[in-house]
Each structure stands twice: as C-alpha cells, then as structure tokens.
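Take a look at the structure below.
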There are 2 protein chains.
Amino acid sequence: MKNRIIKFNGVYVSGVSSVVGKHEAEGPMGDKFDFCDVSDTFGSPTWEKAESAMQKKAFEILLEKCNLRAEDVGAMFAGDLQNQCVGSSYGLLEFPIPYIGLYGACSTAAEGMMLAAMTVSAGYFDLSAAVTSSHYLAAERQYRSPTEYGAQRSPTAQWTVTGAGAFAIGRTGVVKITEACPGIVMDKGINDASNMGAAMAPAAASTLLAYFDESGLMPSDFDGIFTGDLGFEGGSILCELLSSKGLDIRAVYNDCGVMIYDRIKQDKHAGGSGCGCSATVFAADIWKRLQCGVLKNVLLIGTGAMMSPSSIQQGLNIPAVAHLVRFEYGGNDGYCA
Amino acid sequence: MKNRIIKFNGVYVSGVSSVVGKHEAEGPMGDKFDFCDVSDTFGSPTWEKAESAMQKKAFEILLEKCNLRAEDVGAMFAGDLQNQCVGSSYGLLEFPIPYIGLYGACSTAAEGMMLAAMTVSAGYFDLSAAVTSSHYLAAERQYRSPTEYGAQRSPTAQWTVTGAGAFAIGRTGVVKITEACPGIVMDKGINDASNMGAAMAPAAASTLLAYFDESGLMPSDFDGIFTGDLGFEGGSILCELLSSKGLDIRAVYNDCGVMIYDRIKQDKHAGGSGCGCSATVFAADIWKRLQCGVLKNVLLIGTGAMMSPSSIQQGLNIPAVAHLVRFEYGGNDGYCA
C-alpha cells in the first residue's frame, strides 16, 4: 500500500524531559536524564502510584524547561502499560489540559509524538504534548509475577525501564518532525512473552520497508535509525529480516533497549523495554544529539507488543505494531540553531 | 481556557456499522443493528475472543456497506476496555491497515471519530476509520467478578453493552463532522466503581461548558445532545450540574446508555455503558436520524471512566474524561441528501 507516509510542516520537538529510576541512572546514560529517584518510589506507597508520580514529575519538568504554562498546551497524548493506562490518567490528572488517551504498548512515545505532530501541523493546536511511562516493578507484577517471588528471567527477556518521558511538540525549535508512518499490526506466530523482541521485529521491518519503498530513500540517507525497543534479540532479527529484503541498516542502527543499560555491568539480558525506554532514551540522548546537530536525519521506530497476560494464557500469539517518526536537524525555515 | 474547539472542513461520517449481542438485540433498538449473535459468543471459545470476533465482524460489515477495500483506509483508530486493549489489537489483526491504538474507556467511539476526523480534515488521509467494542461477560470478569459468581448489582451500576461499532470517516456523505472538543480528565471524589455515571457526569459537564462558552452557542441550537454513557444516574447529575450553571439541555438531551435498553422490561439498573454502547447507539440510531435529516445538529459527548480495578483497590478515586464531537446534517458543500 502506498500513501502510508504523513508529511508535516513547521513542526518541532520544542522540548523534552526524562525521569528515571535507579537502574537507568546507573546505566551509560545516567547523567543525561533530568531527574532520578534511586528508590524507584517517587514518594509513593505503591509501584502503580509511583509510575503516576513519575509521569507527573516528567510533565512538570517539561513545562518548566520550556517555560510553558499548562494552558499553553492544546492537548496531551498519553498512555502507558498499566491496565486501563492508569499511569497516565492519574499521573496527568492535575494538569487542566485536554487528554487524549493512547494504547500503543512500547510504541507509545512514537505514537504520541506522531499524533501530537498531526495536530500542530494541521493547525489544530500551536503546541501539543506527548507523555508516557513504564515502571519495572508495576509491570512485573502485572505482566509476569511480583519480583518478590524471585522468578528466573529468560535470556531473551527484556527489562521494563522505570522511566517517564514528556515531549513538547510545537512550532519552534531545532529538531523538526518531518514525517511519520503509522504501523500495521502483525502476528508472525511468536507466543513467548519472554521474547517480545522476536514478536516486534517483523512489525518494525514491515514499517521500515513500507517507508523506504514509498519515500525512495535508503538507510544511508540517515545518520541514525533507532528502534524502541527490540533489545539485542529483536534488533538482530530486524537487521536479518531487512537484509533478506536487500536493506542494510546496520551502519546507522541502534535500539533504545540496547542503549539504556550496560550489557556487561548491568546484565539486563536482552535489554530494556517498556513505554519509558524509547521515551527516556529519545529525550535524554537522541533528541540532544539532534538538537546540537551531531545527528541530522533520524528515524525512530516505536515498537509495541499488543498482547495481554490473558491473551497469552488463552493461547494467542503476540501481535505487534511499529510506528515510524522522522526527525531532522534544523530544517530550512530559519529555526536552525 | 479558550481554543479548545477543533474545527473540521469537508469531513463526513461516510458509513457506520453495528454488531451486538442478545440483550441489545432484545432492546428498543433491536432491529436497527447490522448484526446480532444471541449466543454472545460470535463463534469464539472465550468472551475475550468473542469481543475480538465482534469487532472484526463490525469492521467487515463497514467495509462491505461502504464498498471499501482495506487499502482504501488510511488508518484505523481503535480501542476497547480489555486490559492492553486486546479486543482491538486481535480483532483488527487481519486487516492490513495502519493501526493507532487508543484508550479512552467508554469515550473511545467519540475519541476515535475525533482523531479520524483530524486526519481527514488535515488531508493526511482520504478516509480513516474508528472502531471500538465492549463485551459484558469479558468486562464483568475483568472489572468485577465472573457472572457465574452471581454477585448482586448495585442500583447505580451500569450494564456493559455487548457490541461493536465501526465508522468510516471520509470526504463524502451526508453526516458532517464539523467540530470536536477534547476533554480534560477530572476527579471529583467519586470512588464507587458501581456508580460510574456520577464519576463521569462532571467531566461531561466540564466539556459541555467549555464548548458552549467558546462557541457562543446554546443548547437550543441543537436538536440532539447525547452523552455516551452516563446512564440514568449520571445523566440526571449532568443535567443538574449544567442547570446550576444556567444551562438547560433537558429538551434535547438523551444518553446512549439510557436509550439502548428498555428500563422496565430489561431492568439494567442505571442503563448501559462500555465502549460499545455509544458506538452502537450512534451507528444504529443517531447517525441514521442525521443521515435522513430528522436530526440536523447533534453533539455526542463520549464519557470515559479512566480507572482500573487496581487503582480502585488502592483507594483512588475515578478520574473521568469527556470528548465532544459535533455532527451536522448535510452542510453547505453540495453533499446534502
């Protein structure tokens, strides 16, 4: 199918914020996040409430960094991994801003930026926000088992990032959002909930193939192609899938789940995952490199595994989706730094 | 805050479909739905899979009624009440259409139509779809307890509709989507999960007040103002809240949860609810009355209770959101029937 690519005009990631927990602060990007709570509690009595507190903190920091008032924000697009997305609905409750709830699993950061960019490019709002989060301890007891049980993790399992990211999508800035390509949900027969990377890689491949086919561009036209989050397992499957179709992205490819933890020192098995993974890595690292021109042309492919614990227990495979967003440094309308 | 209202140009609800279960077919709109399965199973071995099958059926009927191929649809906006919105991700899996996942609880039909209209009005796509569903038996065992336990229902409890609705939002038709007003999440202190109407009524009031304030219009400018779904309890609270602010909507007001069941013969207590309620009532009744000009100017306010069973167990209140969409008959661009 053609006409998958959406083009935006005069839309920027005007500002970003990132808030993380202990393991993320101890990783290779530890000094790049805006705020960290090594207790992972964020002052809250439950992990679920901690996630909401973290998302609230991320949004507060975004408003402060961008010198924005809540009433400047036309709408916020938000979602998370908790059942009924309560991390977001409670976390952002005190901001008097129209709230548009999303469910995209780990693709939520990319999905939210894509939709926020749609609203700004079309002139519906001058500024929209995208916000998302995940919390390791809330996710473990919802998806698998409480960590107190001490269940052994599979080598292909990813570690849910404790982190929240918030993005101001507006009309000014240096990092342009120029295109997006929403993904089609795919099921390639993977039903191992400890191998999300394998389930999501075909969705990422499908979206990238559609994008390169329609745009006529090549991987070499980009200086960064980032998935979020396939981890080590899914990332290598993606590269193989694309190679078999004649596309080699390896020279510019990385994955947010690979980048966020130190593989040797931290041993998170297949890497990081969760809505907060690509959100915090994009905010703390990729956006900053775009902002100063170290990166000039980047694709972020947010990947989400769209199953539930019940659907896996009922014997279903893991459907996955991947939304692509293109970011460019400066652009040609006078906003270049 | 001003500038809440989003205006659309040349966008129509080109087609609709509705699929329901036994109780809905036995209600006052029974003969208006496109398809009914009185077994509520839709050929599936579990209630969760039945919900997916129902959503698939609704989308198939939509494509057939509108004479569309899957590749004509730029994107579909979908979500439901199941954890991780698996009703939608599995239900729509076999359609090769970009999938944008939403979580808006019972506001999902309005949220999806609002976002789909944004993409068409801005020219991103010629046609987008919105799809949503709920299933009584899947919802009961997820939110409350399996119905086999025979728990007694509270008089203020609403009955989750078994139904799915699908909407083609395009450039041709009779029923125009002219405006939308996304809602702000509110918490007014209600924590009784058997009284969602009371929790959601303030959100509906807030969005309606913002809309009337900004638009300068009055309830008498409309021949239908429909909430989806406050039920009897929430609907009367909404009317009182608005009366106290000097707005009387009662002459043109109704609620999809009130309309879908017969209060005497079926006794669903406070009425219907669930993503499928406003979706099927809008598709089967409101849209048809707009389509033939019996209604000419309608507001649909989708209301969602954004809590989870866990958040209620942890002592939190029920946050709610209400998204408003305005529909007009015919319009002024030559498409009038």
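If you're wondering about the labels, chains in the structure tokens are A, B, ... by order shown, residues count from 1 in each chain, ligands from 1 in order shown.
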(request) Just need the residues of chain A within 6 Å of chain B, counting only C-alpha atoms, so spit them out as an MDAnalysis selection string. (result) chainID A and resid 6 83:84 93 97:99 101:104 122 124 182:185 308
Superimpose chain B on chain A so that the squared distances between all in-order C-alpha pairs are minimised, and send the result as a tab-separated table (two decimals) with C-alpha atoms, in the first residue's frame.
chain	number	residue	atom	x	y	z
B	1	MET	CA	-0.01	0.01	-0.02
B	2	LYS	CA	1.24	3.48	-0.88
B	3	ASN	CA	0.38	6.74	0.85
B	4	ARG	CA	1.45	5.46	4.22
B	5	ILE	CA	3.77	8.42	4.90
B	6	ILE	CA	2.32	11.50	6.59
B	7	LYS	CA	4.21	14.75	5.98
B	8	PHE	CA	4.40	17.59	8.50
B	9	ASN	CA	5.17	21.25	8.03
B	10	GLY	CA	6.79	23.51	10.58
B	11	VAL	CA	6.55	21.08	13.48
B	12	TYR	CA	9.30	20.71	16.09
B	13	VAL	CA	10.10	18.78	19.18
B	14	SER	CA	10.42	22.03	21.08
B	15	GLY	CA	11.41	20.45	24.36
B	16	VAL	CA	11.78	17.15	26.17
B	17	SER	CA	12.10	15.78	29.67
B	18	SER	CA	13.08	12.47	31.19
B	19	VAL	CA	12.67	10.98	34.64
B	20	VAL	CA	14.09	7.58	35.61
B	21	GLY	CA	14.70	5.13	38.43
B	22	LYS	CA	17.80	3.53	39.91
B	23	HIS	CA	18.85	1.04	37.22
B	24	GLU	CA	18.53	3.62	34.47
B	25	ALA	CA	20.54	6.18	36.44
B	26	GLU	CA	23.27	3.57	36.86
B	27	GLY	CA	23.38	2.92	33.11
B	28	PRO	CA	25.52	4.58	30.45
B	29	MET	CA	23.06	7.49	30.09
B	30	GLY	CA	22.77	8.07	33.81
B	31	ASP	CA	23.95	11.66	33.73
B	32	LYS	CA	21.72	12.69	30.84
B	33	PHE	CA	18.30	12.29	32.46
B	34	ASP	CA	16.58	15.28	34.03
B	35	PHE	CA	15.63	13.59	37.28
B	36	CYS	CA	16.22	10.32	39.06
B	37	ASP	CA	14.81	8.68	42.18
B	38	VAL	CA	17.08	5.81	43.20
B	39	SER	CA	14.36	4.46	45.49
B	40	ASP	CA	12.10	3.94	42.43
B	41	THR	CA	9.16	5.02	44.63
B	42	PHE	CA	8.90	8.68	43.67
B	43	GLY	CA	7.43	9.20	47.12
B	44	SER	CA	4.51	6.84	46.54
B	45	PRO	CA	3.27	3.87	48.58
B	46	THR	CA	2.70	1.53	45.59
B	47	TRP	CA	4.58	0.92	42.34
B	48	GLU	CA	1.51	1.87	40.34
B	49	LYS	CA	1.24	5.21	42.10
B	50	ALA	CA	5.00	5.63	41.71
B	51	GLU	CA	4.56	5.39	37.95
B	52	SER	CA	1.92	8.13	38.02
B	53	ALA	CA	4.13	10.30	40.21
B	54	MET	CA	6.99	9.79	37.76
B	55	GLN	CA	4.83	10.83	34.81
B	56	LYS	CA	3.65	13.90	36.70
B	57	LYS	CA	7.25	14.80	37.51
B	58	ALA	CA	8.26	14.42	33.85
B	59	PHE	CA	5.48	16.72	32.71
B	60	GLU	CA	6.24	19.31	35.38
B	61	ILE	CA	9.89	19.35	34.32
B	62	LEU	CA	8.85	19.72	30.67
B	63	LEU	CA	6.66	22.74	31.47
B	64	GLU	CA	9.45	24.28	33.50
B	65	LYS	CA	12.24	23.63	30.97
B	66	CYS	CA	10.11	25.01	28.12
B	67	ASN	CA	8.80	27.88	30.20
B	68	LEU	CA	5.23	26.78	29.43
B	69	ARG	CA	2.04	27.11	31.38
B	70	ALA	CA	-0.49	24.26	31.28
B	71	GLU	CA	-2.87	26.47	29.29
B	72	ASP	CA	-0.30	26.78	26.50
B	73	VAL	CA	-0.72	23.07	25.75
B	74	GLY	CA	-3.59	22.31	23.36
B	75	ALA	CA	-3.77	18.63	24.18
B	76	MET	CA	-1.67	15.88	25.64
B	77	PHE	CA	-1.40	12.42	24.13
B	78	ALA	CA	-0.58	9.90	26.82
B	79	GLY	CA	-0.58	6.23	27.64
B	80	ASP	CA	1.35	3.52	29.44
B	81	LEU	CA	1.45	-0.23	30.10
B	82	GLN	CA	-0.75	-0.42	33.17
B	83	ASN	CA	-4.20	-1.91	32.77
B	84	GLN	CA	-6.54	0.85	31.56
B	85	CYS	CA	-3.49	3.13	31.24
B	86	VAL	CA	-3.91	4.45	34.76
B	87	GLY	CA	-0.28	5.52	34.99
B	88	SER	CA	-1.22	8.36	32.67
B	89	SER	CA	-4.81	9.13	33.67
B	90	TYR	CA	-3.83	9.59	37.33
B	91	GLY	CA	-0.36	10.95	36.63
B	92	LEU	CA	-1.57	13.84	34.49
B	93	LEU	CA	-4.81	14.44	36.39
B	94	GLU	CA	-3.86	17.74	37.92
B	95	PHE	CA	-2.98	19.45	34.64
B	96	PRO	CA	-6.02	21.21	33.14
B	97	ILE	CA	-5.15	20.11	29.61
B	98	PRO	CA	-7.32	18.11	27.16
B	99	TYR	CA	-6.24	14.48	27.48
B	100	ILE	CA	-6.23	12.01	24.61
B	101	GLY	CA	-5.55	8.50	25.85
B	102	LEU	CA	-3.45	6.09	23.81
B	103	TYR	CA	-2.59	2.45	23.99
B	104	GLY	CA	0.42	1.52	21.91
B	105	ALA	CA	2.46	-0.51	24.43
B	106	CYS	CA	6.17	0.34	23.98
B	107	SER	CA	5.38	2.28	20.78
B	108	THR	CA	3.50	4.93	22.79
B	109	ALA	CA	6.24	7.59	22.71
B	110	ALA	CA	6.44	7.44	18.91
B	111	GLU	CA	2.65	7.15	18.57
B	112	GLY	CA	2.13	10.16	20.83
B	113	MET	CA	4.70	12.30	19.03
B	114	MET	CA	3.15	11.31	15.67
B	115	LEU	CA	-0.37	12.30	16.76
B	116	ALA	CA	0.81	15.47	18.50
B	117	ALA	CA	2.67	16.44	15.32
B	118	MET	CA	-0.53	15.84	13.32
B	119	THR	CA	-2.41	18.33	15.49
B	120	VAL	CA	0.28	21.01	15.25
B	121	SER	CA	0.99	20.61	11.53
B	122	ALA	CA	-2.75	20.86	10.78
B	123	GLY	CA	-3.06	23.98	12.92
B	124	TYR	CA	-5.47	22.48	15.45
B	125	PHE	CA	-3.10	23.48	18.24
B	126	ASP	CA	0.05	25.60	18.49
B	127	LEU	CA	1.53	23.13	20.90
B	128	SER	CA	0.70	19.57	21.92
B	129	ALA	CA	2.42	17.21	24.29
B	130	ALA	CA	3.19	13.51	24.33
B	131	VAL	CA	3.80	11.78	27.62
B	132	THR	CA	4.43	8.17	28.55
B	133	SER	CA	6.00	5.96	31.19
B	134	SER	CA	6.70	2.47	32.42
B	135	HIS	CA	7.75	1.14	35.80
B	136	TYR	CA	9.65	-2.14	36.16
B	137	LEU	CA	8.03	-3.18	39.41
B	138	ALA	CA	4.49	-2.28	38.36
B	139	ALA	CA	4.96	-4.05	35.03
B	140	GLU	CA	6.48	-7.21	36.52
B	141	ARG	CA	3.61	-7.88	38.87
B	142	GLN	CA	1.03	-7.11	36.21
B	143	TYR	CA	2.55	-8.98	33.26
B	144	ARG	CA	4.58	-11.72	34.95
B	145	SER	CA	4.84	-12.09	38.73
B	146	PRO	CA	5.79	-9.84	41.64
B	147	THR	CA	9.57	-9.62	41.84
B	148	GLU	CA	9.41	-10.84	45.45
B	149	TYR	CA	8.70	-14.32	44.00
B	150	GLY	CA	12.19	-14.34	42.52
B	151	ALA	CA	11.21	-15.91	39.20
B	152	GLN	CA	14.15	-16.55	36.90
B	153	ARG	CA	14.27	-14.47	33.79
B	154	SER	CA	14.73	-15.92	30.33
B	155	PRO	CA	17.83	-14.86	28.33
B	156	THR	CA	15.57	-13.32	25.69
B	157	ALA	CA	13.53	-11.35	28.25
B	158	GLN	CA	13.76	-7.57	28.27
B	159	TRP	CA	13.81	-5.43	31.40
B	160	THR	CA	11.01	-2.88	31.68
B	161	VAL	CA	12.51	0.56	32.09
B	162	THR	CA	11.45	2.62	35.09
B	163	GLY	CA	11.14	5.94	33.38
B	164	ALA	CA	8.86	8.63	32.01
B	165	GLY	CA	9.37	10.96	29.08
B	166	ALA	CA	7.47	14.06	28.03
B	167	PHE	CA	7.68	15.97	24.76
B	168	ALA	CA	6.51	19.41	23.74
B	169	ILE	CA	5.56	19.36	20.06
B	170	GLY	CA	5.29	22.90	18.80
B	171	ARG	CA	6.14	25.45	16.13
B	172	THR	CA	9.60	26.47	17.30
B	173	GLY	CA	12.83	24.66	17.90
B	174	VAL	CA	15.69	22.95	16.18
B	175	VAL	CA	14.55	19.33	15.95
B	176	LYS	CA	11.94	19.10	13.21
B	177	ILE	CA	9.40	16.30	12.93
B	178	THR	CA	9.05	15.97	9.20
B	179	GLU	CA	7.30	12.65	8.55
B	180	ALA	CA	5.55	9.76	10.19
B	181	CYS	CA	4.49	6.32	9.04
B	182	PRO	CA	1.96	4.54	11.25
B	183	GLY	CA	2.33	0.79	11.51
B	184	ILE	CA	0.15	-2.18	10.69
B	185	VAL	CA	-0.42	-4.77	13.43
B	186	MET	CA	1.34	-8.06	12.62
B	187	ASP	CA	1.33	-11.53	14.07
B	188	LYS	CA	4.16	-13.75	12.90
B	189	GLY	CA	3.46	-16.62	15.26
B	190	ILE	CA	5.56	-15.72	18.30
B	191	ASN	CA	3.76	-16.55	21.54
B	192	ASP	CA	6.66	-16.42	24.02
B	193	ALA	CA	6.01	-13.42	26.27
B	194	SER	CA	9.67	-13.59	27.30
B	195	ASN	CA	10.74	-12.86	23.76
B	196	MET	CA	8.98	-9.66	22.80
B	197	GLY	CA	11.86	-8.62	20.57
B	198	ALA	CA	11.17	-11.51	18.22
B	199	ALA	CA	7.46	-10.67	18.17
B	200	MET	CA	8.05	-6.99	17.42
B	201	ALA	CA	10.90	-7.24	14.90
B	202	PRO	CA	8.62	-8.17	11.96
B	203	ALA	CA	6.40	-5.15	12.69
B	204	ALA	CA	9.46	-2.87	12.67
B	205	ALA	CA	10.67	-4.45	9.44
B	206	SER	CA	7.26	-4.01	7.83
B	207	THR	CA	7.06	-0.31	8.69
B	208	LEU	CA	10.66	0.37	7.61
B	209	LEU	CA	10.14	-1.46	4.32
B	210	ALA	CA	6.96	0.50	3.65
B	211	TYR	CA	8.75	3.74	4.51
B	212	PHE	CA	11.81	3.14	2.32
B	213	ASP	CA	9.65	1.85	-0.51
B	214	GLU	CA	7.38	4.89	-0.55
B	215	SER	CA	9.97	7.55	0.23
B	216	GLY	CA	12.58	6.26	-2.21
B	217	LEU	CA	15.20	6.90	0.47
B	218	MET	CA	17.89	4.49	1.63
B	219	PRO	CA	19.30	3.71	5.10
B	220	SER	CA	22.42	5.64	4.07
B	221	ASP	CA	20.30	8.81	3.85
B	222	PHE	CA	20.04	8.70	7.64
B	223	ASP	CA	22.64	9.04	10.34
B	224	GLY	CA	20.50	7.28	12.91
B	225	ILE	CA	17.81	4.61	12.75
B	226	PHE	CA	16.61	3.75	16.24
B	227	THR	CA	14.04	1.20	17.27
B	228	GLY	CA	12.34	1.42	20.62
B	229	ASP	CA	12.56	-1.26	21.91
B	230	LEU	CA	13.59	-4.51	20.30
B	231	GLY	CA	16.58	-5.20	22.52
B	232	PHE	CA	19.54	-7.33	21.44
B	233	GLU	CA	17.40	-10.25	20.30
B	234	GLY	CA	14.80	-8.33	18.31
B	235	GLY	CA	17.32	-5.86	16.94
B	236	SER	CA	19.41	-8.59	15.36
B	237	ILE	CA	16.27	-10.24	13.97
B	238	LEU	CA	15.23	-6.90	12.45
B	239	CYS	CA	18.62	-6.49	10.75
B	240	GLU	CA	18.38	-10.01	9.35
B	241	LEU	CA	14.81	-9.52	8.12
B	242	LEU	CA	15.78	-6.31	6.36
B	243	SER	CA	18.99	-7.82	4.93
B	244	SER	CA	16.91	-10.57	3.36
B	245	LYS	CA	14.99	-7.81	1.56
B	246	GLY	CA	18.17	-6.07	0.45
B	247	LEU	CA	18.16	-3.31	3.06
B	248	ASP	CA	21.19	-2.97	5.31
B	249	ILE	CA	20.63	-0.58	8.20
B	250	ARG	CA	23.47	-1.82	10.45
B	251	ALA	CA	25.80	1.12	9.88
B	252	VAL	CA	23.32	3.55	11.43
B	253	TYR	CA	21.16	1.26	13.54
B	254	ASN	CA	20.72	1.13	17.28
B	255	ASP	CA	17.94	0.24	19.68
B	256	CYS	CA	16.85	2.21	22.73
B	257	GLY	CA	16.60	-1.01	24.75
B	258	VAL	CA	20.23	-1.77	23.88
B	259	MET	CA	21.41	1.75	24.65
B	260	ILE	CA	19.87	2.29	28.08
B	261	TYR	CA	21.72	-0.37	30.12
B	262	ASP	CA	25.32	-1.56	30.20
B	263	ARG	CA	25.21	-5.09	28.86
B	264	ILE	CA	28.19	-6.34	30.87
B	265	LYS	CA	27.91	-4.45	34.14
B	266	GLN	CA	24.12	-4.44	34.42
B	267	ASP	CA	23.15	-7.64	32.57
B	268	LYS	CA	19.53	-6.91	31.74
B	269	HIS	CA	19.52	-9.94	29.43
B	270	ALA	CA	18.04	-8.84	26.09
B	271	GLY	CA	17.99	-5.14	27.03
B	272	GLY	CA	15.41	-2.60	28.09
B	273	SER	CA	11.77	-2.24	27.08
B	274	GLY	CA	8.58	-0.51	28.19
B	275	CYS	CA	6.97	2.75	27.10
B	276	GLY	CA	9.52	4.61	29.22
B	277	CYS	CA	12.51	3.14	27.39
B	278	SER	CA	12.35	4.82	23.99
B	279	ALA	CA	10.78	7.88	25.65
B	280	THR	CA	13.69	8.49	28.01
B	281	VAL	CA	16.43	7.46	25.56
B	282	PHE	CA	14.98	9.74	22.89
B	283	ALA	CA	14.64	12.62	25.35
B	284	ALA	CA	17.99	12.21	27.08
B	285	ASP	CA	20.18	11.19	24.17
B	286	ILE	CA	18.79	11.14	20.62
B	287	TRP	CA	16.98	14.48	20.85
B	288	LYS	CA	20.04	16.15	22.37
B	289	ARG	CA	22.26	14.86	19.56
B	290	LEU	CA	19.73	16.20	17.03
B	291	GLN	CA	19.46	19.46	18.92
B	292	CYS	CA	23.19	20.17	18.56
B	293	GLY	CA	23.48	18.83	15.02
B	294	VAL	CA	25.54	15.73	15.83
B	295	LEU	CA	22.66	13.82	14.30
B	296	LYS	CA	20.88	15.40	11.36
B	297	ASN	CA	18.41	12.89	10.00
B	298	VAL	CA	16.91	10.25	12.24
B	299	LEU	CA	14.19	7.62	12.16
B	300	LEU	CA	12.63	6.49	15.43
B	301	ILE	CA	10.56	3.34	15.12
B	302	GLY	CA	8.46	2.78	18.22
B	303	THR	CA	7.56	-0.88	18.55
B	304	GLY	CA	4.73	-2.23	20.69
B	305	ALA	CA	3.70	-5.75	21.64
B	306	MET	CA	-0.09	-5.58	21.76
B	307	MET	CA	-0.92	-8.67	23.80
B	308	SER	CA	-2.16	-9.01	27.38
B	309	PRO	CA	-1.37	-11.64	30.03
B	310	SER	CA	-4.88	-13.04	29.44
B	311	SER	CA	-4.46	-13.30	25.69
B	312	ILE	CA	-1.20	-15.22	26.13
B	313	GLN	CA	-2.82	-17.51	28.70
B	314	GLN	CA	-5.59	-18.14	26.18
B	315	GLY	CA	-3.01	-19.38	23.68
B	316	LEU	CA	-2.86	-16.43	21.33
B	317	ASN	CA	0.26	-15.12	19.61
B	318	ILE	CA	1.76	-11.69	20.26
B	319	PRO	CA	0.56	-9.06	17.78
B	320	ALA	CA	2.93	-6.15	17.34
B	321	VAL	CA	2.90	-2.70	15.79
B	322	ALA	CA	5.64	-0.22	14.84
B	323	HIS	CA	5.16	3.50	14.24
B	324	LEU	CA	7.91	5.45	12.49
B	325	VAL	CA	8.68	9.14	13.08
B	326	ARG	CA	11.36	11.08	11.18
B	327	PHE	CA	13.32	13.87	12.83
B	328	GLU	CA	15.62	16.32	11.09
B	329	TYR	CA	18.09	18.83	12.42
B	330	GLY	CA	17.27	22.43	11.74
B	331	GLY	CA	15.38	22.23	8.55
B	332	ASN	CA	15.04	25.06	6.12
B	333	ASP	CA	12.81	27.60	7.74
B	334	GLY	CA	15.23	29.67	9.70
B	335	TYR	CA	15.06	27.90	13.03
B	336	CYS	CA	18.46	26.24	12.68
B	337	ALA	CA	20.58	26.59	15.77
(request) Give me every strand (DSSP E) residue in region 153-238 of chain B, going by DSSP on the backbone, as a list of chain:residue names. (result)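 Residues of region 153-238 of chain B classed as strand (DSSP E): B:Trp159, B:Thr160, B:Gly163, B:Ala164, B:Gly165, B:Ala166, B:Phe167, B:Ala168, B:Ile169, B:Gly170, B:Val175, B:Lys176, B:Ile177, B:Thr178, B:Glu179, B:Ala180, B:Cys181, B:Gly224, B:Ile225, B:Phe226, B:Thr227, B:Gly228.
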Store the residues picked out above in a file with N, CA and C atoms, as a PDB file, in the first residue's frame.
ATOM      1  N   TRP B 159     -24.744  -1.482  32.916  1.00  0.00           N
ATOM      2  CA  TRP B 159     -24.578  -2.804  32.306  1.00  0.00           C
ATOM      3  C   TRP B 159     -23.727  -2.630  31.046  1.00  0.00           C
ATOM      4  N   THR B 160     -22.571  -3.280  31.023  1.00  0.00           N
ATOM      5  CA  THR B 160     -21.677  -3.131  29.872  1.00  0.00           C
ATOM      6  C   THR B 160     -22.315  -3.725  28.623  1.00  0.00           C
ATOM      7  N   GLY B 163     -21.270  -5.128  22.311  1.00  0.00           N
ATOM      8  CA  GLY B 163     -21.473  -4.525  20.999  1.00  0.00           C
ATOM      9  C   GLY B 163     -20.196  -3.927  20.444  1.00  0.00           C
ATOM     10  N   ALA B 164     -20.139  -3.811  19.143  1.00  0.00           N
ATOM     11  CA  ALA B 164     -19.011  -3.174  18.469  1.00  0.00           C
ATOM     12  C   ALA B 164     -19.548  -2.237  17.403  1.00  0.00           C
ATOM     13  N   GLY B 165     -18.905  -1.093  17.268  1.00  0.00           N
ATOM     14  CA  GLY B 165     -19.280  -0.148  16.227  1.00  0.00           C
ATOM     15  C   GLY B 165     -18.067   0.243  15.414  1.00  0.00           C
ATOM     16  N   ALA B 166     -18.281   0.482  14.125  1.00  0.00           N
ATOM     17  CA  ALA B 166     -17.186   0.917  13.257  1.00  0.00           C
ATOM     18  C   ALA B 166     -17.682   2.074  12.393  1.00  0.00           C
ATOM     19  N   PHE B 167     -16.794   3.017  12.129  1.00  0.00           N
ATOM     20  CA  PHE B 167     -17.160   4.258  11.457  1.00  0.00           C
ATOM     21  C   PHE B 167     -16.143   4.571  10.370  1.00  0.00           C
ATOM     22  N   ALA B 168     -16.644   4.881   9.198  1.00  0.00           N
ATOM     23  CA  ALA B 168     -15.778   5.331   8.104  1.00  0.00           C
ATOM     24  C   ALA B 168     -15.853   6.851   8.066  1.00  0.00           C
ATOM     25  N   ILE B 169     -14.711   7.503   8.301  1.00  0.00           N
ATOM     26  CA  ILE B 169     -14.662   8.958   8.332  1.00  0.00           C
ATOM     27  C   ILE B 169     -13.956   9.405   7.052  1.00  0.00           C
ATOM     28  N   GLY B 170     -14.738  10.032   6.166  1.00  0.00           N
ATOM     29  CA  GLY B 170     -14.172  10.327   4.857  1.00  0.00           C
ATOM     30  C   GLY B 170     -14.598  11.680   4.314  1.00  0.00           C
ATOM     31  N   VAL B 175     -23.628  13.105   6.699  1.00  0.00           N
ATOM     32  CA  VAL B 175     -23.448  13.483   8.100  1.00  0.00           C
ATOM     33  C   VAL B 175     -22.057  14.093   8.284  1.00  0.00           C
ATOM     34  N   LYS B 176     -22.015  15.402   8.410  1.00  0.00           N
ATOM     35  CA  LYS B 176     -20.727  16.087   8.553  1.00  0.00           C
ATOM     36  C   LYS B 176     -20.234  16.040  10.002  1.00  0.00           C
ATOM     37  N   ILE B 177     -18.928  15.907  10.157  1.00  0.00           N
ATOM     38  CA  ILE B 177     -18.315  16.157  11.470  1.00  0.00           C
ATOM     39  C   ILE B 177     -17.720  17.551  11.372  1.00  0.00           C
ATOM     40  N   THR B 178     -18.240  18.474  12.134  1.00  0.00           N
ATOM     41  CA  THR B 178     -17.808  19.855  11.952  1.00  0.00           C
ATOM     42  C   THR B 178     -16.883  20.359  13.059  1.00  0.00           C
ATOM     43  N   GLU B 179     -17.023  19.823  14.250  1.00  0.00           N
ATOM     44  CA  GLU B 179     -16.196  20.303  15.364  1.00  0.00           C
ATOM     45  C   GLU B 179     -15.939  19.177  16.357  1.00  0.00           C
ATOM     46  N   ALA B 180     -14.894  19.383  17.145  1.00  0.00           N
ATOM     47  CA  ALA B 180     -14.656  18.490  18.276  1.00  0.00           C
ATOM     48  C   ALA B 180     -14.073  19.310  19.422  1.00  0.00           C
ATOM     49  N   CYS B 181     -14.264  18.817  20.612  1.00  0.00           N
ATOM     50  CA  CYS B 181     -13.704  19.470  21.792  1.00  0.00           C
ATOM     51  C   CYS B 181     -13.201  18.379  22.736  1.00  0.00           C
ATOM     52  N   GLY B 224     -30.182  17.596  19.228  1.00  0.00           N
ATOM     53  CA  GLY B 224     -29.815  16.398  19.976  1.00  0.00           C
ATOM     54  C   GLY B 224     -28.493  16.606  20.695  1.00  0.00           C
ATOM     55  N   ILE B 225     -28.492  16.357  21.998  1.00  0.00           N
ATOM     56  CA  ILE B 225     -27.247  16.334  22.768  1.00  0.00           C
ATOM     57  C   ILE B 225     -27.226  14.986  23.475  1.00  0.00           C
ATOM     58  N   PHE B 226     -26.277  14.148  23.062  1.00  0.00           N
ATOM     59  CA  PHE B 226     -26.246  12.766  23.552  1.00  0.00           C
ATOM     60  C   PHE B 226     -24.942  12.512  24.305  1.00  0.00           C
ATOM     61  N   THR B 227     -25.053  12.007  25.506  1.00  0.00           N
ATOM     62  CA  THR B 227     -23.850  11.529  26.182  1.00  0.00           C
ATOM     63  C   THR B 227     -23.745  10.023  25.977  1.00  0.00           C
ATOM     64  N   GLY B 228     -22.537   9.547  26.075  1.00  0.00           N
ATOM     65  CA  GLY B 228     -22.297   8.112  25.914  1.00  0.00           C
ATOM     66  C   GLY B 228     -21.139   7.677  26.789  1.00  0.00           C
TER      67      GLY B 228
END
